[in-house]
Each structure stands twice: as C-alpha cells, then as structure tokens.
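Structure data follow from my_file.txt (compact mmCIF, C-alpha atoms):
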```txt
# COMPACT_ATOMS: atom_id res chain seq x y z
CA MET A 1 -43.58 50.22 30.25
CA LYS A 2 -45.73 52.70 28.31
CA LYS A 3 -42.57 54.43 26.99
CA LEU A 4 -41.06 51.09 25.92
CA SER A 5 -44.30 50.12 24.22
CA ALA A 6 -44.36 53.44 22.41
CA ARG A 7 -40.78 52.96 21.16
CA ARG A 8 -41.70 49.56 19.81
CA ARG A 9 -44.34 51.22 17.66
CA HIS A 10 -41.81 53.70 16.29
CA PRO A 11 -41.46 53.42 12.44
CA LEU A 12 -37.68 52.85 12.69
CA ALA A 13 -37.92 50.12 15.32
CA ALA A 14 -38.21 47.33 12.74
CA VAL A 15 -35.21 48.69 10.85
CA VAL A 16 -33.12 48.84 14.03
CA VAL A 17 -34.08 45.27 14.96
CA LEU A 18 -33.23 44.08 11.44
CA LEU A 19 -29.82 45.79 11.54
CA LEU A 20 -29.07 44.27 14.93
CA ALA A 21 -30.05 40.81 13.66
CA LEU A 22 -27.84 41.19 10.58
CA ALA A 23 -24.91 42.35 12.71
CA ALA A 24 -25.34 39.40 15.08
CA THR A 25 -25.60 36.98 12.16
CA GLY A 26 -22.49 38.44 10.54
CA GLY A 27 -20.55 38.22 13.78
CA LEU A 28 -21.54 34.61 14.35
CA TYR A 29 -20.68 33.70 10.76
CA ALA A 30 -17.28 35.37 11.05
CA ALA A 31 -16.63 33.48 14.27
CA PHE A 32 -17.69 30.04 13.04
CA ALA A 33 -17.22 30.23 9.27
CA PRO A 34 -15.43 27.20 7.76
CA ALA A 35 -13.10 29.56 5.89
CA ASP A 36 -10.91 29.84 8.96
CA LYS A 37 -10.64 26.08 9.19
CA ALA A 38 -9.91 25.86 5.47
CA ARG A 39 -7.19 28.48 5.83
CA ALA A 40 -5.76 26.60 8.81
CA ASP A 41 -5.75 23.34 6.85
CA GLU A 42 -4.12 25.08 3.90
CA THR A 43 -1.43 26.53 6.17
CA SER A 44 -0.82 23.16 7.78
CA GLN A 45 -0.53 21.49 4.36
CA SER A 46 1.88 24.20 3.20
CA LEU A 47 4.07 23.60 6.25
CA THR A 48 3.99 19.84 5.61
CA ILE A 49 5.08 20.37 2.00
CA LYS A 50 7.80 22.78 3.12
CA GLU A 51 9.20 20.26 5.61
CA GLY A 52 8.94 17.52 2.99
CA LYS A 53 10.93 19.61 0.55
CA LYS A 54 13.73 19.96 3.12
CA LEU A 55 13.84 16.19 3.62
CA TYR A 56 13.75 15.68 -0.15
CA GLU A 57 16.67 18.01 -0.80
CA VAL A 58 18.81 16.13 1.72
CA GLY A 59 17.88 12.52 0.97
CA CYS A 60 16.42 12.34 -2.55
CA ALA A 61 17.50 15.24 -4.78
CA SER A 62 20.93 13.77 -5.57
CA CYS A 63 19.27 10.98 -7.59
CA HIS A 64 15.84 12.35 -8.54
CA GLY A 65 16.82 15.95 -9.27
CA THR A 66 16.21 19.13 -7.31
CA GLY A 67 12.68 19.46 -8.69
CA GLY A 68 11.86 15.76 -8.96
CA GLN A 69 12.50 15.78 -12.69
CA GLY A 70 14.77 12.74 -12.48
CA SER A 71 18.34 12.10 -13.57
CA SER A 72 20.57 9.32 -14.83
CA ASP A 73 20.56 7.91 -11.28
CA GLY A 74 16.83 8.01 -10.63
CA PRO A 75 13.46 8.34 -12.42
CA SER A 76 11.25 11.41 -12.44
CA LEU A 77 8.89 11.73 -9.48
CA VAL A 78 6.52 14.18 -11.15
CA GLY A 79 3.08 12.58 -11.13
CA VAL A 80 3.96 9.44 -9.16
CA GLY A 81 1.77 10.62 -6.29
CA ALA A 82 1.91 10.29 -2.52
CA ALA A 83 1.13 6.55 -2.63
CA ALA A 84 4.38 5.74 -4.47
CA VAL A 85 6.43 7.67 -1.90
CA ASP A 86 4.64 6.07 1.04
CA PHE A 87 5.30 2.61 -0.44
CA GLN A 88 8.93 3.08 -1.48
CA VAL A 89 10.06 4.95 1.65
CA GLY A 90 7.74 3.09 4.04
CA THR A 91 9.15 -0.28 2.98
CA GLY A 92 12.73 0.98 3.22
CA ARG A 93 13.41 0.60 -0.49
CA MET A 94 14.15 4.30 -0.69
CA PRO A 95 16.59 5.85 -0.18
CA ALA A 96 18.39 3.09 -2.06
CA ALA A 97 21.81 1.76 -1.09
CA THR A 98 24.80 3.15 -2.96
CA SER A 99 25.61 -0.20 -4.57
CA GLN A 100 22.35 -1.86 -5.54
CA GLY A 101 21.72 -5.05 -7.47
CA ALA A 102 19.13 -5.91 -10.08
CA GLN A 103 16.41 -4.37 -7.93
CA VAL A 104 16.07 -2.54 -4.62
CA PRO A 105 15.22 -4.88 -1.72
CA ARG A 106 12.88 -4.20 1.17
CA LYS A 107 14.64 -3.11 4.36
CA LYS A 108 14.00 -1.26 7.60
CA PRO A 109 12.84 2.32 6.84
CA ILE A 110 15.09 5.16 7.99
CA TYR A 111 12.32 7.79 8.16
CA THR A 112 9.48 8.04 10.66
CA GLN A 113 5.90 7.90 9.39
CA ALA A 114 5.55 11.64 10.01
CA GLN A 115 8.58 12.31 7.82
CA ILE A 116 7.28 9.94 5.16
CA ASP A 117 4.00 11.85 5.14
CA GLN A 118 5.93 15.10 4.63
CA LEU A 119 7.96 13.65 1.77
CA ALA A 120 4.79 12.25 0.19
CA ALA A 121 3.05 15.63 0.45
CA TYR A 122 5.96 17.38 -1.27
CA VAL A 123 6.18 14.86 -4.12
CA ALA A 124 2.40 14.98 -4.54
CA SER A 125 2.69 18.76 -4.95
CA LEU A 126 4.93 18.22 -8.00
CA GLY A 127 2.13 16.56 -9.98
CA ALA A 128 -1.14 14.73 -9.47
CA GLY A 129 -0.89 10.99 -8.77
CA PRO A 130 -2.35 8.20 -6.62
CA SER A 131 -2.97 9.26 -3.02
CA VAL A 132 -2.22 7.24 0.10
CA PRO A 133 -5.17 4.87 0.67
CA THR A 134 -7.30 5.01 3.79
CA LYS A 135 -7.87 2.10 6.15
CA GLN A 136 -11.39 1.80 4.79
CA GLN A 137 -9.93 1.02 1.36
CA TYR A 138 -7.56 -1.76 2.41
CA GLY A 139 -9.15 -2.96 5.67
CA PRO A 140 -10.79 -6.41 5.95
CA ALA A 141 -14.33 -5.13 6.49
CA GLY A 142 -16.62 -6.34 3.71
CA ALA A 143 -13.87 -8.21 1.83
CA ASP A 144 -14.51 -11.47 -0.05
CA ILE A 145 -11.56 -13.82 0.60
CA ALA A 146 -12.65 -16.40 -2.01
CA LYS A 147 -12.94 -13.73 -4.68
CA GLY A 148 -9.58 -12.33 -3.60
CA GLY A 149 -7.96 -15.74 -4.05
CA GLU A 150 -9.40 -16.03 -7.54
CA LEU A 151 -8.15 -12.57 -8.48
CA PHE A 152 -4.71 -13.20 -6.98
CA ARG A 153 -4.25 -16.49 -8.84
CA THR A 154 -5.29 -14.80 -12.09
CA ASN A 155 -3.25 -11.60 -11.82
CA CYS A 156 -0.44 -12.12 -9.30
CA ALA A 157 0.44 -15.79 -8.76
CA GLN A 158 2.54 -16.00 -11.93
CA CYS A 159 5.22 -13.94 -10.16
CA HIS A 160 4.45 -14.03 -6.43
CA ASN A 161 3.28 -17.69 -6.40
CA PHE A 162 -0.19 -18.65 -5.31
CA THR A 163 0.39 -18.00 -1.59
CA GLY A 164 2.50 -14.87 -2.00
CA LYS A 165 5.84 -16.48 -1.14
CA GLY A 166 7.58 -14.70 -4.03
CA GLY A 167 9.55 -16.06 -6.96
CA ALA A 168 12.45 -15.52 -9.36
CA LEU A 169 12.21 -13.35 -12.48
CA THR A 170 14.61 -12.74 -15.35
CA LYS A 171 18.02 -10.98 -15.17
CA GLY A 172 18.44 -11.44 -11.43
CA LYS A 173 15.17 -9.75 -10.54
CA TYR A 174 12.50 -11.29 -8.33
CA ALA A 175 8.96 -10.93 -7.10
CA PRO A 176 9.30 -10.35 -3.34
CA SER A 177 7.49 -12.34 -0.69
CA LEU A 178 4.28 -10.72 0.51
CA GLU A 179 4.49 -12.21 4.00
CA GLY A 180 4.65 -9.53 6.66
CA VAL A 181 3.90 -6.69 4.23
CA ALA A 182 1.43 -4.12 5.59
CA PRO A 183 -1.98 -4.15 3.85
CA LYS A 184 -1.54 -0.45 3.05
CA HIS A 185 1.71 -1.13 1.22
CA ILE A 186 0.16 -4.01 -0.75
CA TYR A 187 -2.64 -1.68 -1.85
CA GLU A 188 -0.13 1.01 -2.82
CA ALA A 189 1.93 -1.51 -4.81
CA MET A 190 -1.16 -2.46 -6.81
CA GLN A 191 -1.92 1.22 -7.39
CA THR A 192 1.55 2.31 -8.46
CA GLY A 193 3.28 -0.79 -9.90
CA PRO A 194 6.75 -0.53 -8.32
CA GLN A 195 9.84 -1.81 -10.17
CA ASN A 196 8.86 -4.86 -12.28
CA MET A 197 5.25 -5.00 -11.17
CA PRO A 198 2.43 -3.76 -13.45
CA SER A 199 0.06 -1.20 -11.96
CA PHE A 200 -3.61 -1.91 -11.27
CA PRO A 201 -5.41 1.45 -11.03
CA ASP A 202 -9.10 1.58 -10.18
CA THR A 203 -9.93 1.60 -13.89
CA THR A 204 -8.26 -1.82 -14.22
CA MET A 205 -8.95 -3.34 -10.81
CA SER A 206 -11.60 -1.83 -8.56
CA GLU A 207 -11.00 -0.73 -4.99
CA LYS A 208 -13.18 -3.63 -3.79
CA ASN A 209 -11.11 -6.16 -5.75
CA LYS A 210 -7.88 -4.82 -4.22
CA LYS A 211 -9.42 -5.20 -0.77
CA ASP A 212 -10.43 -8.79 -1.60
CA ILE A 213 -6.85 -9.67 -2.64
CA ILE A 214 -5.42 -8.19 0.55
CA ALA A 215 -7.92 -10.18 2.63
CA TYR A 216 -6.89 -13.37 0.80
CA LEU A 217 -3.19 -12.75 1.49
CA ASN A 218 -3.93 -12.09 5.15
CA ALA A 219 -5.80 -15.39 5.30
CA VAL A 220 -3.16 -17.57 3.64
CA ASN A 221 -0.22 -15.94 5.42
CA GLY A 222 -1.78 -15.57 8.85
CA SER A 223 0.14 -17.26 11.66
CA GLU A 224 -3.02 -18.97 12.86
CA THR A 225 -3.74 -20.53 9.47
CA GLU A 226 -3.01 -24.24 9.11
CA ASN A 227 -2.37 -25.82 5.74
CA PRO A 228 -5.07 -28.49 5.24
CA GLY A 229 -2.83 -30.24 2.71
CA GLY A 230 -0.07 -30.92 5.20
CA LEU A 231 3.57 -30.12 4.38
CA GLU A 232 3.56 -27.27 1.86
CA LEU A 233 7.23 -27.35 0.75
CA GLY A 234 7.39 -23.58 1.11
CA GLY A 235 4.19 -23.05 -0.86
CA LEU A 236 6.25 -22.78 -4.03
CA GLY A 237 3.75 -24.69 -6.12
CA PRO A 238 3.99 -27.60 -8.59
CA VAL A 239 7.64 -27.06 -9.58
CA SER A 240 9.12 -27.73 -6.16
CA GLU A 241 6.57 -30.43 -5.42
CA GLY A 242 7.25 -32.13 -8.75
CA LEU A 243 10.99 -31.95 -8.14
CA PHE A 244 10.49 -33.54 -4.72
CA ALA A 245 8.45 -36.34 -6.30
CA TRP A 246 11.07 -37.01 -8.98
CA ILE A 247 14.08 -36.99 -6.65
CA PHE A 248 12.68 -38.75 -3.61
CA GLY A 249 9.68 -40.64 -5.02
CA LEU A 250 11.37 -41.96 -8.15
CA GLY A 251 14.61 -42.45 -6.22
CA ALA A 252 12.78 -44.62 -3.70
CA LEU A 253 11.21 -46.69 -6.49
CA ILE A 254 14.63 -47.27 -8.09
CA ALA A 255 16.10 -48.28 -4.73
CA VAL A 256 13.27 -50.78 -4.19
CA ALA A 257 13.71 -52.17 -7.72
CA VAL A 258 17.46 -52.65 -7.16
CA TRP A 259 16.80 -54.32 -3.82
CA VAL A 260 14.21 -56.69 -5.35
CA ALA A 261 16.55 -57.54 -8.24
CA ALA A 262 19.40 -58.24 -5.83
CA ARG A 263 17.21 -60.48 -3.68
CA THR A 264 15.98 -62.34 -6.78
CA ALA A 265 19.54 -62.88 -8.06
CA LYS A 266 20.67 -64.10 -4.65
CA ALA A 267 17.74 -66.51 -4.44
CA LYS A 268 18.56 -67.99 -7.87
CA LYS A 269 22.20 -68.59 -6.90
CA SER A 270 21.19 -70.39 -3.75
```
Here is a file; write its structure as structure tokens.
Amino acid sequence: MKKLSARRRHPLAAVVVLLLALAATGGLYAAFAPADKARADETSQSLTIKEGKKLYEVGCASCHGTGGQGSSDGPSLVGVGAAAVDFQVGTGRMPAATSQGAQVPRKKPIYTQAQIDQLAAYVASLGAGPSVPTKQQYGPAGADIAKGGELFRTNCAQCHNFTGKGGALTKGKYAPSLEGVAPKHIYEAMQTGPQNMPSFPDTTMSEKNKKDIIAYLNAVNGSETENPGGLELGGLGPVSEGLFAWIFGLGALIAVAVWVAARTAKAKKS
C-alpha cells in the first residue's frame, strides 16, 4: 500500500492518468460515434438509388429518357421529386398503357411499395423536388374538417365537385373521383399537380391546410357517413339536381295539367 501511495505521488502519475482517460474517451467515441450510423445510412441510400435505377431503366427509360431528361413520349423527371413518383406509380398511373387516351387513368399498381420507394429515391437523386410526405403531415390528428371543407370548395370543387366525386373537363379529360384514394396520394397530388391539376406547394397552401382538406374528404366519403339531405343524386351538385327537377318535376306538372284539362273537357261535354 505504501508503494502504491508513493507511485500516486509520482510527478508523471497525473500525465499517465490523463493519457489513459483520453485513450478511453477516444475508444468510446470511435465505438459509438454517429459517423458510423451516418455512413451506414448513406450506404443504404446509395443501394436504394442503385436498385431504383435498375427498375427505372427497365420500366421508365423508354419514355422518360435514360437520365430522366424526357423525350417525345414522356416529360422530364429532373426535379419532380420523390412525391411525384410515389403518386404516379403508387396509383398505377405509371407505367402508362401503350395506347392511352386523353389522360392516364388510375389502375392497380404493378410495383410493390418497396420498389416504388427505390424508384422515387432514384428520381429524387436526379434533382431536388417535393419529398414523400409523412403520416404526421396527412394524418387526421389536429385537422379542422370545417376549414378543410371551405378550402376544398374554394380550390378544388370546380373540378372534383364539392364531395370529391370527380367531373368532366375539356378535350376528353376529367377530374378523377377522390373516393378510395389514400390520404398520402391526395397530399402528393396537391404538392405536385399531376396532369391537369394545378400544384399547391407549401408557399401557396400550408401543410395544415392540406391536412384539413384530406380530413374533409375522409369525412364526406366515409362509409359510415350519412347524407343529412337524403338522396344525393351522386353528389354531382346543382346541375344534375336541376336536370332532375326539370325532367321529372316539370314533367309531372305538365302531366297533371293535361289530366286536369282532360277532366274539365269531359265534364263540359257531359
């Protein structure tokens, strides 16, 4: 014990202890430093992009070009972002059919979500653009349904009708029905403006407003929702309801008038 105590008093003891502490600290930092995790994430992302490029070359390059620069058969994908890919491929619109009409319809997707994520990562690497939204961005938590209805009627009902049933546009195009569309895809459509739809980036319509609109559509199109007004005639609005009134309502009035006139004429003859 006396020898150990004497060594502690040695002038170099403090230096040795300091060196040992620095070595231990360096070892622990090397073992738990976030750089390893960052490198692992970077490697994983690189592999995702690499796999996405393979999928792109097989299923997309013939129309959009080998580097996403576009061609006469498809627009450029540089700068469209991951959100546009997730929407177009996730809703089955892309890859498009060989013979397509005025616009590409929604259909069953041919890629898995993992493959869609890979394609989106590759296209996102070609140029910065909107990213795929998180559930927190489009989920119902904290949404204002009444505000969403007001925003939808102001910005969207002209094409999609006030309950999202869809409607006809010019030159054979149409605004698709929003029934059964995933909230994530509705958010992405507002972000990217697919086909005939204008885009609503956060600078135009805030993230909260997008969430409110999605909550409104979920409310009006939910299977448990009952229409307090009774028969909705497809929810197509005043045009179809006015047509119904003219054909059936006015037709019934004319039939009654003819019947009354016939009864009156018969009564005069008798």
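Nearest residue to Pro201 of chain A among A:Ile110, A:Ala83, A:Ala120, A:Gly172 is A:Ala83, counting all atoms listed in the file.
Atom CA of Ala168 of chain A sits 20.4 Å away from atom CA of Val220 of chain A.
Ranking A:His160, A:Lys269, A:Lys210, A:Lys53 by their shortest atom-to-atom distance to Ala124 of chain A, with all atoms listed in the file included, puts A:Lys53 first.
Minimum distance to Gln118 of chain A across A:Ser46, A:Thr192, A:Ser206, A:Asn221 (counting only C-alpha atoms) occurs at A:Ser46.
Take the candidates A:Leu250, A:Ile213, A:Ala84, A:Val132 and check each one against Thr154 of chain A using all atoms listed in the file; the shortest distance goes to A:Ile213.
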Selection near segment 194-200 of chain A, 12 Å with only C-alpha atoms, sequence-local residues under 4 positions removed, as a short mmCIF file (atom, residue, chain, number, x, y, z; two decimals) with C-alpha atoms, keeping the file's coordinate frame:
```
data_model
loop_
_atom_site.label_atom_id
_atom_site.label_comp_id
_atom_site.auth_asym_id
_atom_site.auth_seq_id
_atom_site.Cartn_x
_atom_site.Cartn_y
_atom_site.Cartn_z
CA PRO A 75 13.46 8.34 -12.42
CA VAL A 80 3.96 9.44 -9.16
CA ALA A 83 1.13 6.55 -2.63
CA ALA A 84 4.38 5.74 -4.47
CA VAL A 85 6.43 7.67 -1.90
CA ASP A 86 4.64 6.07 1.04
CA PHE A 87 5.30 2.61 -0.44
CA GLN A 88 8.93 3.08 -1.48
CA VAL A 89 10.06 4.95 1.65
CA THR A 91 9.15 -0.28 2.98
CA ARG A 93 13.41 0.60 -0.49
CA MET A 94 14.15 4.30 -0.69
CA ALA A 102 19.13 -5.91 -10.08
CA GLN A 103 16.41 -4.37 -7.93
CA VAL A 104 16.07 -2.54 -4.62
CA PRO A 105 15.22 -4.88 -1.72
CA ARG A 106 12.88 -4.20 1.17
CA PRO A 130 -2.35 8.20 -6.62
CA LEU A 151 -8.15 -12.57 -8.48
CA ASN A 155 -3.25 -11.60 -11.82
CA CYS A 156 -0.44 -12.12 -9.30
CA GLN A 158 2.54 -16.00 -11.93
CA CYS A 159 5.22 -13.94 -10.16
CA HIS A 160 4.45 -14.03 -6.43
CA ALA A 168 12.45 -15.52 -9.36
CA LEU A 169 12.21 -13.35 -12.48
CA THR A 170 14.61 -12.74 -15.35
CA LYS A 171 18.02 -10.98 -15.17
CA GLY A 172 18.44 -11.44 -11.43
CA LYS A 173 15.17 -9.75 -10.54
CA TYR A 174 12.50 -11.29 -8.33
CA ALA A 175 8.96 -10.93 -7.10
CA PRO A 176 9.30 -10.35 -3.34
CA HIS A 185 1.71 -1.13 1.22
CA ILE A 186 0.16 -4.01 -0.75
CA TYR A 187 -2.64 -1.68 -1.85
CA GLU A 188 -0.13 1.01 -2.82
CA ALA A 189 1.93 -1.51 -4.81
CA MET A 190 -1.16 -2.46 -6.81
CA THR A 204 -8.26 -1.82 -14.22
CA MET A 205 -8.95 -3.34 -10.81
CA SER A 206 -11.60 -1.83 -8.56
CA GLU A 207 -11.00 -0.73 -4.99
CA ASN A 209 -11.11 -6.16 -5.75
CA LYS A 210 -7.88 -4.82 -4.22
#
```
Residue list as a VMD selection string for point (-9.7, -6.2, -0.5), cut-off 8 Å, all atoms listed in the file: chain A and resid 137 to 140 143 to 145 148 207 to 216
Generate the output file for the selected residues, C-alpha atoms, as a PDB file, keeping the file's coordinate frame.
```
ATOM      1  CA  GLN A 137      -9.930   1.020   1.360  1.00  0.00           C
ATOM      2  CA  TYR A 138      -7.560  -1.760   2.410  1.00  0.00           C
ATOM      3  CA  GLY A 139      -9.150  -2.960   5.670  1.00  0.00           C
ATOM      4  CA  PRO A 140     -10.790  -6.410   5.950  1.00  0.00           C
ATOM      5  CA  ALA A 143     -13.870  -8.210   1.830  1.00  0.00           C
ATOM      6  CA  ASP A 144     -14.510 -11.470  -0.050  1.00  0.00           C
ATOM      7  CA  ILE A 145     -11.560 -13.820   0.600  1.00  0.00           C
ATOM      8  CA  GLY A 148      -9.580 -12.330  -3.600  1.00  0.00           C
ATOM      9  CA  GLU A 207     -11.000  -0.730  -4.990  1.00  0.00           C
ATOM     10  CA  LYS A 208     -13.180  -3.630  -3.790  1.00  0.00           C
ATOM     11  CA  ASN A 209     -11.110  -6.160  -5.750  1.00  0.00           C
ATOM     12  CA  LYS A 210      -7.880  -4.820  -4.220  1.00  0.00           C
ATOM     13  CA  LYS A 211      -9.420  -5.200  -0.770  1.00  0.00           C
ATOM     14  CA  ASP A 212     -10.430  -8.790  -1.600  1.00  0.00           C
ATOM     15  CA  ILE A 213      -6.850  -9.670  -2.640  1.00  0.00           C
ATOM     16  CA  ILE A 214      -5.420  -8.190   0.550  1.00  0.00           C
ATOM     17  CA  ALA A 215      -7.920 -10.180   2.630  1.00  0.00           C
ATOM     18  CA  TYR A 216      -6.890 -13.370   0.800  1.00  0.00           C
TER      19      TYR A 216
END
```
Residue contacts of Ser72 of chain A (10 Å, all atoms listed in the file) excluding same-chain residues fewer than 5 positions away, as an MDAnalysis selection string: chainID A and resid 63:65
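Here atom CA of Gln113 of chain A stands at a distance of 25.3 Å from atom CA of Asp73 of chain A.
Pairwise distance (atom CA of Ala82 of chain A, atom CA of Tyr111 of chain A) equals 15.1 Å.
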Determine the axis-aligned bounding box of all atoms of segment 82-95 of chain A present in the file, pad each side by 8 Å, and express its centre and edge lengths in Å to one decimal place as lines of an AutoDock Vina configuration file.
```
center_x = 8.9
center_y = 5.0
center_z = -0.2
size_x = 31.5
size_y = 26.6
size_z = 24.5
```
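Counting only C-alpha atoms and comparing A:Val258, A:Ala157, A:Ala146, A:Ala121, the residue that lies closest to Ser44 of chain A is A:Ala121.
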Of the listed residues A:Gly251, A:Pro183, A:Gly127, A:Gly167, that which approaches Gly79 of chain A most closely, counting all atoms listed in the file: A:Gly127
